[in-house]
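The data block below is model_33.cif; it holds mmCIF, C-alpha atoms.
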```cif
data_query
loop_
_atom_site.label_atom_id
_atom_site.label_comp_id
_atom_site.auth_asym_id
_atom_site.auth_seq_id
_atom_site.Cartn_x
_atom_site.Cartn_y
_atom_site.Cartn_z
CA MET A 21 49.10 31.30 31.70
CA ASP A 22 45.39 31.49 31.89
CA ASN A 23 43.30 28.80 33.53
CA ASP A 24 41.78 27.72 30.25
CA THR A 25 45.22 26.92 28.80
CA LYS A 26 46.27 25.20 32.04
CA ASN A 27 43.17 23.02 31.89
CA LYS A 28 43.89 22.20 28.27
CA ILE A 29 47.45 21.20 29.11
CA GLY A 30 46.07 18.98 31.88
CA ASP A 31 43.71 17.32 29.37
CA LEU A 32 46.53 16.79 26.89
CA VAL A 33 48.87 15.27 29.43
CA ARG A 34 46.21 12.80 30.61
CA PHE A 35 45.39 11.96 27.02
CA ILE A 36 49.03 11.29 26.07
CA GLN A 37 49.76 9.39 29.22
CA SER A 38 46.78 7.06 28.71
CA SER A 39 47.63 6.48 25.04
CA SER A 40 49.50 3.59 23.45
CA LEU A 41 52.55 5.76 22.67
CA SER A 42 55.89 4.59 23.97
CA GLU A 43 57.33 6.15 27.06
CA GLU A 44 59.94 7.91 25.00
CA ASP A 45 57.38 9.37 22.62
CA ARG A 46 55.10 10.46 25.46
CA ASN A 47 57.97 12.43 26.94
CA LEU A 48 58.67 14.08 23.63
CA TRP A 49 55.11 15.43 23.76
CA PHE A 50 55.31 16.42 27.42
CA ASN A 51 58.51 18.34 26.91
CA ALA A 52 57.16 20.21 23.95
CA ILE A 53 53.78 20.86 25.55
CA THR A 54 55.23 22.49 28.62
CA GLN A 55 57.04 25.06 26.49
CA MET A 56 54.42 25.82 23.84
CA PRO A 57 52.48 29.07 23.62
CA LYS A 58 48.74 28.82 24.21
CA GLU A 59 47.87 28.91 20.49
CA ALA A 60 49.87 25.72 19.94
CA ILE A 61 48.31 24.17 23.06
CA GLN A 62 44.85 25.02 21.79
CA THR A 63 45.69 23.51 18.41
CA LEU A 64 46.88 20.25 19.97
CA TRP A 65 43.88 20.22 22.29
CA LEU A 66 41.52 20.55 19.30
CA PHE A 67 43.37 17.72 17.60
CA MET A 68 42.92 15.59 20.74
CA LYS A 69 39.20 16.37 20.90
CA ASN A 70 38.49 15.99 17.19
CA ALA A 71 40.75 13.19 16.03
CA PRO A 72 42.15 11.28 19.02
CA GLN A 73 42.28 8.12 16.89
CA ASP A 74 44.97 9.78 14.76
CA LEU A 75 47.41 10.20 17.65
CA GLU A 76 49.87 7.53 16.53
CA GLU A 77 49.84 8.86 12.97
CA MET A 78 50.50 12.39 14.25
CA ASN A 79 53.20 11.11 16.55
CA GLU A 80 55.02 9.53 13.58
CA LEU A 81 54.47 12.66 11.51
CA MET A 82 55.83 14.82 14.30
CA LYS A 83 59.00 12.71 14.49
CA ARG A 84 59.47 12.80 10.69
CA LYS A 85 59.12 16.59 10.73
CA ARG A 86 61.49 16.85 13.64
CA ASP A 87 64.05 14.75 11.77
CA ALA A 88 63.61 16.82 8.61
CA LEU A 89 64.14 19.99 10.58
CA LEU A 90 67.14 18.57 12.39
CA LYS A 91 68.69 17.44 9.13
CA ASN A 92 67.55 20.50 7.27
CA ASP A 93 65.84 18.13 4.86
CA VAL A 94 63.77 20.57 2.82
CA GLU A 95 62.58 17.97 0.29
CA GLY A 96 61.64 15.58 3.08
CA PHE A 97 59.62 18.32 4.78
CA LYS A 98 57.97 19.34 1.48
CA LYS A 99 57.04 15.71 0.89
CA ILE A 100 55.32 15.58 4.28
CA VAL A 101 53.44 18.77 3.48
CA GLU A 102 52.27 17.27 0.16
CA GLU A 103 51.07 14.19 1.99
CA GLU A 104 49.15 16.35 4.43
CA LYS A 105 47.57 18.35 1.62
CA SER A 106 46.57 15.21 -0.23
CA SER A 107 45.12 13.69 2.92
CA LEU A 108 43.03 16.77 3.63
CA GLU A 109 41.76 16.91 0.04
CA ASN A 110 40.72 13.28 0.16
CA SER A 111 39.03 13.48 3.53
CA MET B 5 50.84 35.82 19.17
CA GLU B 6 51.50 37.61 22.36
CA GLY B 7 54.92 39.19 22.90
CA LYS B 8 55.25 37.39 26.19
CA ASP B 9 55.01 34.05 24.42
CA LEU B 10 57.65 35.04 21.90
CA GLU B 11 59.96 36.08 24.69
CA LYS B 12 59.45 32.69 26.28
CA LEU B 13 60.28 30.96 23.02
CA ASP B 14 63.49 32.91 22.72
CA THR B 15 64.65 31.57 26.05
CA VAL B 16 64.22 27.93 25.04
CA GLU B 17 67.53 26.24 24.59
CA GLY B 18 68.30 24.34 21.43
CA ALA B 19 70.59 24.03 18.50
CA GLY B 20 70.41 24.72 14.82
CA GLU B 21 68.67 27.14 12.58
CA VAL B 22 65.77 26.81 10.20
CA SER B 23 67.04 27.37 6.67
CA ALA B 24 65.29 29.84 4.39
CA GLU B 25 64.03 26.96 2.24
CA LEU B 26 62.72 25.09 5.25
CA GLN B 27 61.09 28.22 6.56
CA GLU B 28 59.43 28.58 3.15
CA ALA B 29 58.21 24.96 3.35
CA ILE B 30 56.83 25.57 6.82
CA LYS B 31 55.12 28.74 5.57
CA THR B 32 53.55 26.77 2.74
CA GLU B 33 52.30 24.21 5.20
CA ALA B 34 50.88 26.95 7.38
CA GLU B 35 49.07 28.43 4.38
CA ILE B 36 47.62 25.08 3.46
CA LEU B 37 46.50 24.30 6.97
CA GLY B 38 45.27 27.82 7.63
CA LYS B 39 43.14 27.93 4.53
CA GLU B 40 39.49 28.11 5.38
CA ALA B 41 37.35 25.44 3.85
CA SER B 42 34.94 26.68 1.20
CA PRO B 43 31.36 26.97 2.46
CA GLU B 44 30.31 25.15 -0.73
CA GLN B 45 31.97 22.03 0.57
CA ASN B 46 29.02 21.60 2.94
CA PHE B 47 30.83 19.49 5.47
CA THR B 48 28.75 17.57 7.93
CA PRO B 49 29.76 18.34 11.53
CA GLU B 50 31.42 14.93 11.70
CA VAL B 51 33.55 15.52 8.63
CA ALA B 52 34.41 19.07 9.66
CA TRP B 53 35.34 17.81 13.09
CA ARG B 54 37.57 15.07 11.73
CA LEU B 55 39.13 17.24 9.02
CA ASN B 56 39.91 20.03 11.41
CA GLY B 57 41.25 17.54 13.90
CA ARG B 58 43.74 16.42 11.28
CA ARG B 59 44.62 19.99 10.43
CA ALA B 60 45.20 20.72 14.07
CA GLY B 61 47.19 17.51 14.34
CA TYR B 62 49.46 18.42 11.40
CA LEU B 63 50.00 21.86 12.78
CA GLY B 64 50.57 20.57 16.31
CA ALA B 65 53.05 18.04 14.98
CA SER B 66 54.98 20.85 13.28
CA ALA B 67 54.93 22.88 16.47
CA LEU B 68 56.14 19.88 18.45
CA ALA B 69 58.82 19.16 15.83
CA LEU B 70 60.01 22.76 15.89
CA PHE B 71 60.20 22.82 19.66
CA LEU B 72 62.00 19.52 19.70
CA SER B 73 64.45 20.32 16.95
CA MET B 74 65.44 23.90 17.48
CA PRO B 75 64.01 25.38 20.62
CA GLY B 76 64.93 28.89 21.55
CA THR B 77 66.61 29.76 18.29
CA VAL B 78 66.24 33.48 17.79
CA LYS B 79 66.51 33.05 14.06
CA ALA B 80 63.65 30.58 14.19
CA ALA B 81 61.37 33.17 15.72
CA ASP B 82 59.79 34.04 12.39
CA THR B 83 59.00 30.42 11.75
CA PHE B 84 57.51 30.01 15.18
CA THR B 85 55.49 33.15 14.69
CA GLN B 86 54.26 31.79 11.39
CA ILE B 87 53.22 28.53 12.99
CA PHE B 88 51.54 30.14 15.96
CA ASN B 89 49.76 32.74 13.91
CA THR B 90 48.59 29.93 11.70
CA SER B 91 47.56 28.00 14.78
CA ALA B 92 45.40 30.89 15.91
CA ARG B 93 43.87 31.21 12.47
CA VAL B 94 43.35 27.47 12.14
CA VAL B 95 41.68 27.35 15.53
CA GLU B 96 39.40 30.20 14.54
CA ASN B 97 38.61 28.55 11.23
CA ILE B 98 37.98 25.23 12.88
CA TYR B 99 35.40 26.73 15.18
CA LYS B 100 33.84 28.68 12.34
CA GLU B 101 33.68 25.68 10.04
CA GLN B 102 32.25 23.47 12.71
CA ARG B 103 29.60 26.02 13.57
CA ARG B 104 28.75 26.29 9.89
CA ALA B 105 28.54 22.52 9.51
CA GLU B 106 26.39 22.24 12.61
CA ASP B 107 24.10 25.03 11.36
CA ALA B 108 23.82 23.29 8.01
CA GLN B 109 22.96 20.04 9.72
CA ARG B 110 20.38 21.76 11.88
CA ARG B 111 18.82 23.36 8.81
CA ALA B 112 18.79 20.02 7.01
CA GLU B 113 17.14 18.38 10.01
CA ASN B 114 14.55 21.16 10.22
CA GLU B 115 13.87 20.77 6.53
CA LYS B 116 13.57 17.03 6.92
CA ARG B 117 11.20 17.49 9.85
CA LYS B 118 9.10 19.92 7.79
CA ILE B 119 8.91 17.41 4.96
CA GLU B 120 7.91 14.66 7.37
CA VAL B 121 5.19 16.85 8.90
CA GLN B 122 3.92 17.77 5.43
CA ARG B 123 4.00 14.11 4.40
CA GLU B 124 1.99 13.17 7.48
CA ARG B 125 -0.55 15.92 6.73
CA ASP B 126 -0.84 14.71 3.13
CA ARG B 127 -1.32 11.16 4.33
CA LEU B 128 -4.09 12.17 6.73
CA ARG B 129 -5.72 14.30 4.04
CA SER B 130 -5.63 11.36 1.63
CA GLU B 131 -7.23 9.09 4.21
CA VAL B 132 -10.02 11.58 4.86
CA GLU B 133 -10.53 12.06 1.13
CA LEU B 134 -10.61 8.31 0.57
CA GLU B 135 -13.16 7.88 3.35
CA ARG B 136 -15.35 10.61 1.85
CA GLU B 137 -15.05 9.03 -1.58
CA GLN B 138 -16.09 5.65 -0.17
CA GLN B 139 -19.10 7.25 1.52
CA ARG B 140 -20.04 9.02 -1.71
CA THR B 141 -19.76 5.73 -3.64
CA LYS B 142 -21.86 3.91 -1.04
CA GLN B 143 -24.56 6.58 -1.14
CA GLN B 144 -24.51 6.51 -4.93
CA GLU B 145 -24.93 2.73 -4.89
CA ILE B 146 -27.85 3.05 -2.49
CA ARG B 147 -29.48 5.66 -4.74
CA GLU B 148 -28.91 3.55 -7.84
CA GLY B 149 -30.23 0.47 -6.04
CA ALA B 150 -33.39 2.33 -5.09
CA GLY B 151 -33.81 3.46 -8.71
CA VAL B 152 -33.48 -0.11 -9.99
CA ALA B 153 -36.03 -1.35 -7.45
CA ARG B 154 -38.48 1.35 -8.52
CA GLU B 155 -37.97 0.37 -12.18
CA GLN B 156 -38.58 -3.29 -11.37
CA ILE B 157 -41.76 -2.49 -9.47
CA LYS B 158 -42.92 -0.33 -12.33
CA GLU B 159 -42.14 -3.10 -14.86
CA ARG B 160 -44.18 -5.71 -13.01
CA GLY B 161 -47.09 -3.34 -12.53
CA GLY B 162 -46.68 -1.92 -9.09
CA LEU B 163 -46.18 -3.14 -5.60
CA ASN B 164 -47.49 -6.54 -4.57
CA ARG B 165 -49.96 -4.99 -2.22
CA GLU B 166 -51.25 -2.72 -5.00
CA ARG B 167 -51.58 -5.73 -7.32
CA SER B 168 -53.30 -7.63 -4.56
CA ARG B 169 -55.69 -4.80 -3.95
CA LYS B 170 -56.54 -4.80 -7.67
CA GLY B 171 -57.02 -8.58 -7.59
CA GLN B 172 -54.06 -9.15 -9.88
CA PRO B 173 -51.87 -12.25 -9.38
CA ILE B 174 -48.52 -11.77 -7.69
CA PRO B 175 -45.60 -13.35 -9.55
CA ALA B 176 -43.95 -16.02 -7.42
CA GLU B 177 -40.49 -14.51 -8.00
CA SER B 178 -41.63 -11.22 -6.56
CA ARG B 179 -43.02 -12.75 -3.41
CA SER B 180 -40.94 -12.14 -0.46
CA GLU B 181 -41.00 -12.82 3.20
CA THR B 182 -40.53 -9.14 3.68
CA SER B 183 -42.83 -7.86 0.99
CA GLY B 184 -45.35 -6.43 3.38
CA PRO B 185 -45.46 -5.02 6.83
CA PHE B 186 -46.74 -8.35 8.21
CA GLY B 187 -44.97 -10.67 5.82
CA ASN B 188 -46.37 -12.39 2.77
CA THR B 189 -49.84 -13.83 2.96
CA SER B 190 -51.33 -15.85 0.12
CA SER B 191 -54.58 -14.66 -1.42
CA SER B 192 -56.31 -18.00 -0.70
CA ALA B 193 -55.58 -17.73 2.95
CA ARG B 194 -56.98 -14.23 2.98
CA GLU B 195 -60.14 -15.38 1.15
CA GLY B 196 -60.93 -18.32 3.42
CA GLN B 197 -60.98 -22.04 2.77
CA LEU B 198 -64.82 -22.44 2.62
CA GLY B 199 -65.53 -19.54 0.37
CA ASN B 200 -67.40 -16.41 1.21
CA THR B 201 -70.95 -15.36 0.73
CA SER B 202 -70.27 -12.44 -1.49
CA GLY B 203 -69.11 -14.06 -4.69
CA GLY B 204 -65.62 -15.11 -3.85
CA ALA B 205 -63.59 -17.70 -5.68
CA GLU B 206 -65.31 -21.03 -6.38
CA VAL B 207 -64.51 -24.24 -4.51
CA ASN B 208 -63.86 -27.47 -6.39
CA PRO B 209 -66.68 -28.96 -8.66
CA GLU B 210 -67.72 -31.69 -6.23
CA VAL B 211 -68.30 -29.22 -3.46
CA LYS B 212 -70.05 -26.92 -5.91
CA LYS B 213 -72.41 -29.70 -6.95
CA ALA B 214 -73.06 -30.64 -3.33
CA LEU B 215 -73.84 -27.00 -2.54
CA MET B 216 -76.23 -26.77 -5.52
CA ASP B 217 -77.92 -30.01 -4.54
CA ALA B 218 -78.34 -28.73 -1.00
CA GLY B 219 -79.89 -25.55 -2.39
CA ARG B 220 -82.20 -27.55 -4.59
CA VAL B 221 -83.36 -29.70 -1.68
CA GLN B 222 -83.89 -26.56 0.43
CA ALA B 223 -85.88 -25.00 -2.45
CA GLU B 224 -88.19 -27.96 -2.74
CA GLU B 225 -88.85 -27.84 1.01
CA ASP B 226 -89.42 -24.10 1.02
CA TYR B 227 -91.48 -24.20 -2.13
CA LYS B 228 -93.75 -26.83 -0.71
CA ALA B 229 -93.94 -25.08 2.65
CA ASN B 230 -94.49 -21.66 1.09
CA SER B 231 -96.87 -23.03 -1.48
CA GLY B 232 -95.14 -21.36 -4.36
CA GLY B 233 -94.83 -18.00 -2.66
CA ARG B 234 -91.86 -15.65 -2.77
CA LEU B 235 -88.45 -17.17 -2.30
CA PHE B 236 -85.92 -15.79 0.11
CA VAL B 237 -82.21 -16.41 0.07
CA LYS B 238 -80.08 -15.39 2.99
CA ALA B 239 -77.34 -12.94 2.32
CA ASP B 240 -74.62 -15.22 3.50
CA ALA B 241 -75.62 -18.21 1.36
CA HIS B 242 -73.02 -19.67 -0.95
CA PRO B 243 -73.53 -18.82 -4.56
CA SER B 244 -73.57 -22.51 -5.59
CA TRP B 245 -76.13 -23.25 -2.92
CA THR B 246 -78.16 -20.22 -4.06
CA GLN B 247 -77.82 -21.33 -7.67
CA GLY B 248 -79.24 -24.76 -6.77
CA TYR B 249 -81.91 -23.19 -4.58
CA VAL B 250 -83.22 -20.70 -7.12
CA THR B 251 -83.03 -23.00 -10.13
CA ARG B 252 -84.94 -25.69 -8.26
CA TRP B 253 -87.48 -23.10 -7.14
CA LEU B 254 -88.01 -22.09 -10.77
CA GLU B 255 -88.30 -25.72 -11.85
CA LEU B 256 -90.92 -26.33 -9.15
CA LYS B 257 -92.81 -23.20 -10.15
CA GLU B 258 -92.60 -24.20 -13.82
CA MET B 259 -93.77 -27.61 -12.94
CA GLU B 260 -96.67 -26.11 -10.98
CA LYS B 261 -97.54 -23.82 -13.84
CA SER B 262 -97.39 -26.66 -16.23
CA LYS B 263 -99.67 -28.56 -13.92
CA LYS B 264 -102.04 -25.69 -14.04
#
```
Let's see the structure in the file written out as structure tokens.
Amino acid sequence: MDNDTKNKIGDLVRFIQSSSLSEEDRNLWFNAITQMPKEAIQTLWLFMKNAPQDLEEMNELMKRKRDALLKNDVEGFKKIVEEEKSSLENS
Amino acid sequence: MEGKDLEKLDTVEGAGEVSAELQEAIKTEAEILGKEASPEQNFTPEVAWRLNGRRAGYLGASALALFLSMPGTVKAADTFTQIFNTSARVVENIYKEQRRAEDAQRRAENEKRKIEVQRERDRLRSEVELEREQQRTKQQEIREGAGVAREQIKERGGLNRERSRKGQPIPAESRSETSGPFGNTSSSAREGQLGNTSGGAEVNPEVKKALMDAGRVQAEEDYKANSGGRLFVKADAHPSWTQGYVTRWLELKEMEKSKK
């Protein structure tokens, strides 16, 4: 792992740890972060830099997606995608 | 995505598979999130930043959800690849869009600065023009004022000093404390209170009579002393006195003749 990605992971971990997320949710992020490829790390790092105020919203979204995937809830996942699309269009 | 990363993903433990429909939904999401914003949208850097932050957040949430729900599933590799490829594209697009928004903002600021500079130049030019116009108006007023004064002088027959020189009366309304180089001086003051000896203005009748009487008396004395000889009047004698003197001399001579 290159230094740039390591530094980004360090930034993300500090950001999550100093957030208002619950301990359980923080650990969900930590576990995922430590296993992600650098492209995903860079994506999350950009999110942290650009829209840190949306962390709780993204945390809830992440859990809804996780649940949809775990339950193989295609409609539930599609609904989330529609919400995302609508949100981006209205931004 | 690098092969090394894919290998790492394959080693992650987890349960379950991503169904074909779910994979299709994830692909759709990736397409939506990976779509580059149209340059015509003209995002400000702030909006681009925020929008791309949300895109990155949605994508990151999917990546997190995938890792949390089915890590290491070989069959999920395509989905992961889709997400990570999208991530790379989204990241690239985010940087590109933000650069574009920042460039647009810089151009707008430059344009605004140019307009402000031009506005300031126009303002200064207007001030200079206004000042020139005021000077022109002032000079015009001075010229017109001088013309009116000349007309007025012409109408009343010339300058006071010219009228004075010609012995013409000076209208009271045209007298001025500044009408001459030494101020205004009345004609009587210039002519003297006791009259002159060269035919100046007459004094009052009583004085005139007294002067004539004095001349008459002097004529009688001279006539008697001169025994009717030639009379002589001094050059500086008052006309009234001279009048009395000469007339009395004639009377005396007449009287002498008549006696003869």
request  = Apply the PyMOL selection byres ((chain A) within 6 of (chain B)) to the structure shown and report the selected residues as a list in words.
outcome  = Ala52, Pro57, Glu59, Thr63, Leu64, Phe67, Asn70, Ala71, Met82, Lys85, Arg86, Leu90, Val94, Lys98 and Val101 of chain A
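Put simply, atom CA of B:Val132 is 28.5 Å away from atom CA of B:Glu113.
Across the model, the gap from atom CA of A:Met56 to atom CA of A:Thr25 is 10.5 Å.
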key: Residue neighbourhood A:Arg34, 12 Å, all atoms listed in the file, exclusion window fewer than 6 positions, as JSON, numbers by chain   = {"A": [27, 28, 46, 49, 50, 65, 68]}
query = Quick one: residues within 12 Å of A:Ser38, all atoms listed in the file counted, chain neighbours fewer than 6 positions away excluded, as a ChimeraX atom specification?
reply = /A:31-32,46,72,75
Contacts of B:Gln109 at 12 Å (all atoms listed in the file; same-chain gap of 5+ positions) as number ranges by chain = B: 46-52, 102-104, 114-116
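From atom CA of B:Lys31 back to atom CA of A:Asp45, the distance works out to 25.9 Å.
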message = Counting only C-alpha atoms, which residue out of A:Lys91, A:Lys83, A:Lys99, A:Lys69 sits closest to A:Leu48?
response = A:Lys83
ask   = Which of these residues is nearest to A:Ala60, using all atoms listed in the file: A:Ser39, A:Glu44, A:Asp74, A:Ile29?
value = A:Ile29
Edge lengths and centre in Å to one decimal, as AutoDock Vina command-line options, is what I'm after for the box along x, y and z that holds all listed atoms of stretch 57-62 of chain A once 5 Å is added on each side.
```
--center_x 48.7 --center_y 26.6 --center_z 22.1 --size_x 17.6 --size_y 14.9 --size_z 14.3
```
Complete the atoms of stretch 42-73 of chain A to N, CA and C atoms and put them out as an mmCIF file, in the coordinates of the input.
```cif
data_model
loop_
_atom_site.group_PDB
_atom_site.id
_atom_site.type_symbol
_atom_site.label_atom_id
_atom_site.label_comp_id
_atom_site.auth_asym_id
_atom_site.auth_seq_id
_atom_site.Cartn_x
_atom_site.Cartn_y
_atom_site.Cartn_z
ATOM 1 N N SER A 42 54.801 5.087 23.112
ATOM 2 C CA SER A 42 55.890 4.590 23.970
ATOM 3 C C SER A 42 56.244 5.662 25.005
ATOM 4 N N GLU A 43 56.925 5.222 25.990
ATOM 5 C CA GLU A 43 57.330 6.150 27.060
ATOM 6 C C GLU A 43 58.184 7.282 26.501
ATOM 7 N N GLU A 44 59.059 6.909 25.598
ATOM 8 C CA GLU A 44 59.940 7.910 25.000
ATOM 9 C C GLU A 44 59.135 8.960 24.214
ATOM 10 N N ASP A 45 58.191 8.456 23.420
ATOM 11 C CA ASP A 45 57.380 9.370 22.620
ATOM 12 C C ASP A 45 56.482 10.263 23.503
ATOM 13 N N ARG A 46 55.933 9.664 24.538
ATOM 14 C CA ARG A 46 55.100 10.460 25.460
ATOM 15 C C ARG A 46 55.909 11.632 26.021
ATOM 16 N N ASN A 47 57.157 11.358 26.363
ATOM 17 C CA ASN A 47 57.970 12.430 26.940
ATOM 18 C C ASN A 47 58.373 13.497 25.935
ATOM 19 N N LEU A 48 58.443 13.077 24.667
ATOM 20 C CA LEU A 48 58.670 14.080 23.630
ATOM 21 C C LEU A 48 57.525 15.096 23.662
ATOM 22 N N TRP A 49 56.304 14.591 23.727
ATOM 23 C CA TRP A 49 55.110 15.430 23.760
ATOM 24 C C TRP A 49 55.100 16.299 25.025
ATOM 25 N N PHE A 50 55.378 15.661 26.162
ATOM 26 C CA PHE A 50 55.310 16.420 27.420
ATOM 27 C C PHE A 50 56.292 17.580 27.405
ATOM 28 N N ASN A 51 57.498 17.292 26.932
ATOM 29 C CA ASN A 51 58.510 18.340 26.910
ATOM 30 C C ASN A 51 58.116 19.499 26.023
ATOM 31 N N ALA A 52 57.563 19.144 24.872
ATOM 32 C CA ALA A 52 57.160 20.210 23.950
ATOM 33 C C ALA A 52 55.962 20.978 24.506
ATOM 34 N N ILE A 53 55.014 20.239 25.058
ATOM 35 C CA ILE A 53 53.780 20.860 25.550
ATOM 36 C C ILE A 53 54.062 21.902 26.640
ATOM 37 N N THR A 54 54.981 21.571 27.510
ATOM 38 C CA THR A 54 55.230 22.490 28.620
ATOM 39 C C THR A 54 55.886 23.789 28.184
ATOM 40 N N GLN A 55 56.375 23.831 26.946
ATOM 41 C CA GLN A 55 57.040 25.060 26.490
ATOM 42 C C GLN A 55 56.266 25.779 25.395
ATOM 43 N N MET A 56 55.156 25.239 24.968
ATOM 44 C CA MET A 56 54.420 25.820 23.840
ATOM 45 C C MET A 56 53.583 27.023 24.254
ATOM 46 N N PRO A 57 53.413 27.973 23.356
ATOM 47 C CA PRO A 57 52.480 29.070 23.620
ATOM 48 C C PRO A 57 51.040 28.539 23.572
ATOM 49 N N LYS A 58 50.117 29.322 24.085
ATOM 50 C CA LYS A 58 48.740 28.820 24.210
ATOM 51 C C LYS A 58 48.069 28.498 22.871
ATOM 52 N N GLU A 59 48.473 29.215 21.793
ATOM 53 C CA GLU A 59 47.870 28.910 20.490
ATOM 54 C C GLU A 59 48.193 27.483 20.061
ATOM 55 N N ALA A 60 49.477 27.083 20.318
ATOM 56 C CA ALA A 60 49.870 25.720 19.940
ATOM 57 C C ALA A 60 49.168 24.699 20.843
ATOM 58 N N ILE A 61 49.015 25.058 22.127
ATOM 59 C CA ILE A 61 48.310 24.170 23.060
ATOM 60 C C ILE A 61 46.857 23.982 22.609
ATOM 61 N N GLN A 62 46.247 25.083 22.229
ATOM 62 C CA GLN A 62 44.850 25.020 21.790
ATOM 63 C C GLN A 62 44.708 24.166 20.520
ATOM 64 N N THR A 63 45.714 24.301 19.639
ATOM 65 C CA THR A 63 45.690 23.510 18.410
ATOM 66 C C THR A 63 45.776 22.019 18.733
ATOM 67 N N LEU A 64 46.740 21.663 19.601
ATOM 68 C CA LEU A 64 46.880 20.250 19.970
ATOM 69 C C LEU A 64 45.640 19.734 20.719
ATOM 70 N N TRP A 65 45.088 20.606 21.538
ATOM 71 C CA TRP A 65 43.880 20.220 22.290
ATOM 72 C C TRP A 65 42.709 19.943 21.343
ATOM 73 N N LEU A 66 42.574 20.776 20.303
ATOM 74 C CA LEU A 66 41.520 20.550 19.300
ATOM 75 C C LEU A 66 41.751 19.237 18.552
ATOM 76 N N PHE A 67 43.047 18.994 18.257
ATOM 77 C CA PHE A 67 43.370 17.720 17.600
ATOM 78 C C PHE A 67 42.929 16.551 18.496
ATOM 79 N N MET A 68 43.271 16.654 19.793
ATOM 80 C CA MET A 68 42.920 15.590 20.740
ATOM 81 C C MET A 68 41.404 15.389 20.801
ATOM 82 N N LYS A 69 40.660 16.485 20.806
ATOM 83 C CA LYS A 69 39.200 16.370 20.900
ATOM 84 C C LYS A 69 38.577 15.858 19.601
ATOM 85 N N ASN A 70 39.129 16.307 18.475
ATOM 86 C CA ASN A 70 38.490 15.990 17.190
ATOM 87 C C ASN A 70 38.963 14.687 16.558
ATOM 88 N N ALA A 71 40.210 14.366 16.725
ATOM 89 C CA ALA A 71 40.750 13.190 16.030
ATOM 90 C C ALA A 71 41.713 12.413 16.927
ATOM 91 N N PRO A 72 41.249 11.990 18.104
ATOM 92 C CA PRO A 72 42.150 11.280 19.020
ATOM 93 C C PRO A 72 42.669 9.964 18.425
ATOM 94 N N GLN A 73 41.875 9.400 17.496
ATOM 95 C CA GLN A 73 42.280 8.120 16.890
ATOM 96 C C GLN A 73 43.509 8.280 15.997
#
```
